[in-house]
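Here's the structure, in structure tokens; my notes come after.
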Amino acid sequence: MTSNFLNETKALACVHCGLCLSSCPTYLETGNENDSPRGRIYLMRAIQAGKLGLDARPVDHIDLCLGCRACETACPSGVQYGSLLEETREYIEKNHRRSIYQRVLRRWVIEKIFPFPWRMRIALFPVRLIRFLRLEKLLPKPAREIMGLVPSKISGTRLEFKRAAKGEIKGDVGFIEGCVMQVMFGDTNNSSANLLQRDGWNVVTPKDQGCCGALYAHSGQMEKARDCARKNIAAFEGMPLKAIIINAAGCGSTLVEYGHLLKDDPDWVDRAEEFSAKVKDLVTWLDESNISSVNSSEKVTYHDACHLCHAQGISLKPRQLVKARAGDNFIELDESDLCCGSAGSYNLTEPSMAKKLQSRKVRNIIESSANVVVTTNPGCLLQIQEGLEKEKASHIRAVHIADYLKD
Ligand code: SF4
Ligand code: SF4
């Protein structure tokens, strides 16, 4: 039986040239065409045409996709793979019954905890207690591995509603606190706001903002993602903001697509486009001339978060900022734009592939001889930090760019 979930015109833009294959992390690891962008587009079209059912095998190949969108950067035909993936995942979630383990993990752990900061704070309490009592060794391996992703230092401070600019005032910018960012990386939000204030911006952080919706969008729960978008648009509307700043690449790539997300909602589409047009990743908004160089012999490298470099096409500006601070001590990282395996909640839903990509990333970092690896997304930070600890390379620091650039 045919279905009609996929935009066939967008799917037909793929001319099967295979130029994306060498950029696809899952294809690089498995060598299986079904784990490549081209192969997955075949699978999507075959499901749409009714030639393939939603039994485990095709779904497994779609699930194994990181949504990193490296294939979009590589594709000369402009295939909008991310959009095809979202449509397919929405169809799968509505029509495929997952195993009990996957249902509990996706519906109860990921969707019911991560997008709610207060629930995440409660969920982190037992982790802190187990660490305090040094009981990690008594836990089963999967639980230990999930705990390994929680940073040893958690800073959960919130920003005030308004912080005043320093020096000459340029205007107001809004600030998105993020869910994981405000619970685990409060200090990084603080550094980000400080950098904006130093550049002359009043920083406004509305308290009724919420999850950006990325976790829902990436797992095919599009209606929930749309609800998140409406809440955030309403929270920032009516304020004279020159920009809305986000310091988490994964959230940013969803926030800039609210117009697309709400394209079929006449009451919200214009408001969504206005909101998205104002969304800027922190790195694109910072004034490079205010960054002072450091007098240090530390070698510094940069890992491209997929949702910054592939989904938003931003790779030059963060390097310029890091180089402004590190000078000649900046070194390029091999495969810097290859996914680290974090990919939202991928390291929980697809732990085996996530670990392979984590090891590959960490190997490249160690071989670069860097002392510091800078990035722009909390998921990448957690994944790389854990990987460095596993490889006994904790002398290498993984830091968010806002923390690296702060004075
Ligand atoms: S997605 Fe693009 S690069 Fe990949 S096979 Fe299709 S047309 Fe070629
Ligand atoms: S999104 Fe990433 S993992 Fe998925 S097909 Fe494209 S390159 Fe491969």
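In the structure tokens, chains take the letters A, B, ... in the order shown, each chain's residues start at 1, and ligands count up from 1 in the order shown.
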Sorted per-residue table, chain A near ligand 2, closest atoms and distance, 6 Å, only C-alpha atoms and all ligand atoms, as a Markdown table:
| residue | atom | partner | partner_atom_place_in_ligand_line | distance |
| --- | --- | --- | --- | --- |
| A:Ser23 | CA | ligand 2 | 7 (S) | 5.9 |
| A:Cys24 | CA | ligand 2 | 7 (S) | 3.6 |
| A:Pro25 | CA | ligand 2 | 3 (S) | 5.5 |
| A:Thr26 | CA | ligand 2 | 3 (S) | 5.3 |
| A:Ser36 | CA | ligand 2 | 5 (S) | 5.1 |
| A:Pro37 | CA | ligand 2 | 5 (S) | 3.7 |
| A:Cys65 | CA | ligand 2 | 4 (Fe) | 3.9 |
| A:Leu66 | CA | ligand 2 | 3 (S) | 4.3 |
| A:Gly67 | CA | ligand 2 | 1 (S) | 3.7 |
| A:Cys68 | CA | ligand 2 | 2 (Fe) | 4.0 |
| A:Arg69 | CA | ligand 2 | 1 (S) | 3.9 |
| A:Ala70 | CA | ligand 2 | 7 (S) | 4.3 |
| A:Cys71 | CA | ligand 2 | 7 (S) | 4.2 |
Deliver the residues from the most recent selection as a file, using C-alpha atoms, as a PDB file, in the first residue's frame.
ATOM      1  CA  SER A  23      31.022  12.255   4.329  1.00  0.00           C
ATOM      2  CA  CYS A  24      28.468   9.983   5.977  1.00  0.00           C
ATOM      3  CA  PRO A  25      29.724   8.794   9.389  1.00  0.00           C
ATOM      4  CA  THR A  26      27.513   5.700   9.506  1.00  0.00           C
ATOM      5  CA  SER A  36      24.387   5.884   3.490  1.00  0.00           C
ATOM      6  CA  PRO A  37      22.341   8.962   2.490  1.00  0.00           C
ATOM      7  CA  CYS A  65      21.105   7.931  10.773  1.00  0.00           C
ATOM      8  CA  LEU A  66      22.574  10.631  13.026  1.00  0.00           C
ATOM      9  CA  GLY A  67      20.690  13.454  11.331  1.00  0.00           C
ATOM     10  CA  CYS A  68      24.075  15.167  11.150  1.00  0.00           C
ATOM     11  CA  ARG A  69      23.352  16.498   7.637  1.00  0.00           C
ATOM     12  CA  ALA A  70      26.961  16.112   6.490  1.00  0.00           C
ATOM     13  CA  CYS A  71      25.403  14.667   3.320  1.00  0.00           C
TER      14      CYS A  71
END
Based on DSSP run over this structure's backbone, return all residues of region 1-152 of chain A in helix (DSSP H, G or I), as number ranges by chain. A: 8-12, 21-23, 25-30, 33-35, 37-48, 56-63, 70-74, 81-95, 100-113, 117-132, 136-138, 141-148
Which is closer to Val173 (chain A) than all the others in A:Leu159, A:Met239, A:Ala229, A:Ile110, using only C-alpha atoms?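 The closest residue to Val173 (chain A) is A:Met239.
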Can you tell me which residues surround Thr205 (chain A) at a distance of at most 9 Å, considering only C-alpha atoms, apart from same-chain residues fewer than 2 positions away, and format the answer as a ChimeraX atom specification? /A:159-163,173-177,203,207-209,236
Would you name the residues within 9 Å of ligand 1, counting only C-alpha atoms and all ligand atoms, and put them as a PDB file with C-alpha atoms, in the first residue's frame?
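Output below, filename selection-v2.pdb:
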ATOM      1  CA  ALA A  11      13.449  12.832  -2.843  1.00  0.00           C
ATOM      2  CA  LEU A  12      13.879  12.764  -6.628  1.00  0.00           C
ATOM      3  CA  ALA A  13      16.511  15.514  -6.401  1.00  0.00           C
ATOM      4  CA  CYS A  14      18.924  12.713  -5.446  1.00  0.00           C
ATOM      5  CA  VAL A  15      20.626  11.621  -8.684  1.00  0.00           C
ATOM      6  CA  HIS A  16      22.437   8.726  -6.941  1.00  0.00           C
ATOM      7  CA  CYS A  17      25.898  10.123  -7.722  1.00  0.00           C
ATOM      8  CA  GLY A  18      27.324   8.832  -4.409  1.00  0.00           C
ATOM      9  CA  LEU A  19      29.381  11.973  -3.747  1.00  0.00           C
ATOM     10  CA  CYS A  20      27.936  12.142  -0.218  1.00  0.00           C
ATOM     11  CA  LEU A  21      29.025   8.639   0.797  1.00  0.00           C
ATOM     12  CA  SER A  36      24.387   5.884   3.490  1.00  0.00           C
ATOM     13  CA  PRO A  37      22.341   8.962   2.490  1.00  0.00           C
ATOM     14  CA  ARG A  38      21.706   7.541  -0.994  1.00  0.00           C
ATOM     15  CA  GLY A  39      20.676   4.154   0.388  1.00  0.00           C
ATOM     16  CA  ILE A  41      16.655   7.842   0.348  1.00  0.00           C
ATOM     17  CA  CYS A  71      25.403  14.667   3.320  1.00  0.00           C
ATOM     18  CA  GLU A  72      23.715  18.024   2.626  1.00  0.00           C
ATOM     19  CA  THR A  73      27.057  19.826   2.764  1.00  0.00           C
ATOM     20  CA  ALA A  74      28.542  17.269   0.347  1.00  0.00           C
ATOM     21  CA  CYS A  75      25.614  17.000  -2.077  1.00  0.00           C
ATOM     22  CA  PRO A  76      26.059  18.926  -5.358  1.00  0.00           C
ATOM     23  CA  SER A  77      22.356  18.499  -6.211  1.00  0.00           C
ATOM     24  CA  GLY A  78      21.105  20.319  -3.116  1.00  0.00           C
ATOM     25  CA  VAL A  79      19.169  17.354  -1.718  1.00  0.00           C
ATOM     26  CA  GLN A  80      17.346  18.471   1.450  1.00  0.00           C
ATOM     27  CA  TYR A  81      18.093  15.288   3.321  1.00  0.00           C
TER      28      TYR A  81
END
For region 315-321 of chain A, work out the shell of residues within 7 Å, counting only C-alpha atoms and skipping chain neighbours fewer than 3 positions away, then give it as a list in words. Val283, Thr284, Glu288, Asp304, Cys309, Ala324 and Arg325 of chain A
Write a file of the just-selected residues containing C-alpha atoms, as a PDB file, in the first residue's frame.
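What follows is the written file result-v7.pdb:
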ATOM      1  CA  VAL A 283      29.597  32.830  17.375  1.00  0.00           C
ATOM      2  CA  THR A 284      28.108  34.806  14.494  1.00  0.00           C
ATOM      3  CA  GLU A 288      36.056  39.351  17.010  1.00  0.00           C
ATOM      4  CA  ASP A 304      32.632  21.407  14.255  1.00  0.00           C
ATOM      5  CA  CYS A 309      28.545  23.539  10.267  1.00  0.00           C
ATOM      6  CA  ALA A 324      41.902  35.429  17.665  1.00  0.00           C
ATOM      7  CA  ARG A 325      42.561  33.991  21.118  1.00  0.00           C
TER       8      ARG A 325
END
Using only C-alpha atoms for the distances, tell me which of A:Ala311, A:Ala235, A:Ser192, A:Phe185 is nearest to Ser152 (chain A). A:Phe185
Atomic separation - CA of Asn329 (chain A) relative to CA of Asn295 (chain A), Å: 9.9 Å
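Between Ala249 (chain A) and the candidates A:Leu357, A:Met181, A:Ile130, A:Val150, the tightest atom-to-atom separation, counting only C-alpha atoms, involves A:Met181.
Considering only C-alpha atoms, the residue among A:His218, A:Arg226, A:Lys51, A:Arg107 positioned nearest to Ser345 (chain A) is A:His218.
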Enter the distance from CA of Glu223 (chain A) to CA of Cys179 (chain A), in Å, rounded to one decimal. 19.0 Å
At what distance in Å, to one decimal, does CA of Ala354 (chain A) lie from CA of Asn95 (chain A)?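 Going from CA of Asn95 (chain A) over to CA of Ala354 (chain A) covers 25.9 Å.
Those residues that approach Ala225 (chain A) to within 8 Å, counting only C-alpha atoms, are Cys212, Gly213, Ala214, Leu215, Tyr216, Ala217, Gln221, Met222, Glu223, Asp227, Cys228 and Ala229 of chain A; same-chain residues fewer than 2 positions away are not listed.
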Neighbouring residues of region 371-374 of chain A were defined as those with any atom within 7 Å, considering only C-alpha atoms; residues of the same chain fewer than 6 positions away were excluded. Please report them as an mmCIF file with C-alpha atoms, in the first residue's frame.
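Below is the file that was written, result-v5.cif:
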data_model
loop_
_atom_site.group_PDB
_atom_site.id
_atom_site.type_symbol
_atom_site.label_atom_id
_atom_site.label_comp_id
_atom_site.auth_asym_id
_atom_site.auth_seq_id
_atom_site.Cartn_x
_atom_site.Cartn_y
_atom_site.Cartn_z
ATOM 1 C CA GLU A 298 48.580 25.407 24.882
ATOM 2 C CA LYS A 299 47.664 23.956 21.488
ATOM 3 C CA VAL A 300 44.006 24.524 20.669
ATOM 4 C CA THR A 301 41.809 22.787 18.129
ATOM 5 C CA TYR A 302 38.177 23.048 17.059
ATOM 6 C CA HIS A 303 35.477 20.396 16.604
ATOM 7 C CA ILE A 396 42.929 17.411 27.193
ATOM 8 C CA ARG A 397 40.142 19.859 28.029
ATOM 9 C CA ALA A 398 36.905 20.002 26.017
ATOM 10 C CA VAL A 399 35.399 23.484 26.399
ATOM 11 C CA HIS A 400 32.506 25.479 25.008
ATOM 12 C CA ILE A 401 33.627 28.406 22.875
#
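The shell of residues at most 9 Å from Gln383 (chain A), with only C-alpha atoms counted and near chain neighbours (fewer than 3 positions) removed, consists of Leu149, Cys340, Gly341, Ser342, Asn347, Ala354, Gln358, Pro378, Gly379, Cys380, Glu386, Gly387 and Leu388 of chain A.
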Give the answer as one residue: which of A:Val109, A:Ala165, A:Glu335, A:Glu8 has the shortest atom-to-atom distance to Ser22 (chain A), using only C-alpha atoms? A:Glu335
Nearest candidate to Arg45 (chain A) (options A:His307, A:Lys10, A:Arg57, A:Arg134; using only C-alpha atoms): A:Lys10
In region 135-186 of chain A, DSSP strand (DSSP E) residues written as a list in words: Lys162, Arg163, Gly171, Asp172, Val173, Gly174 and Phe175 of chain A
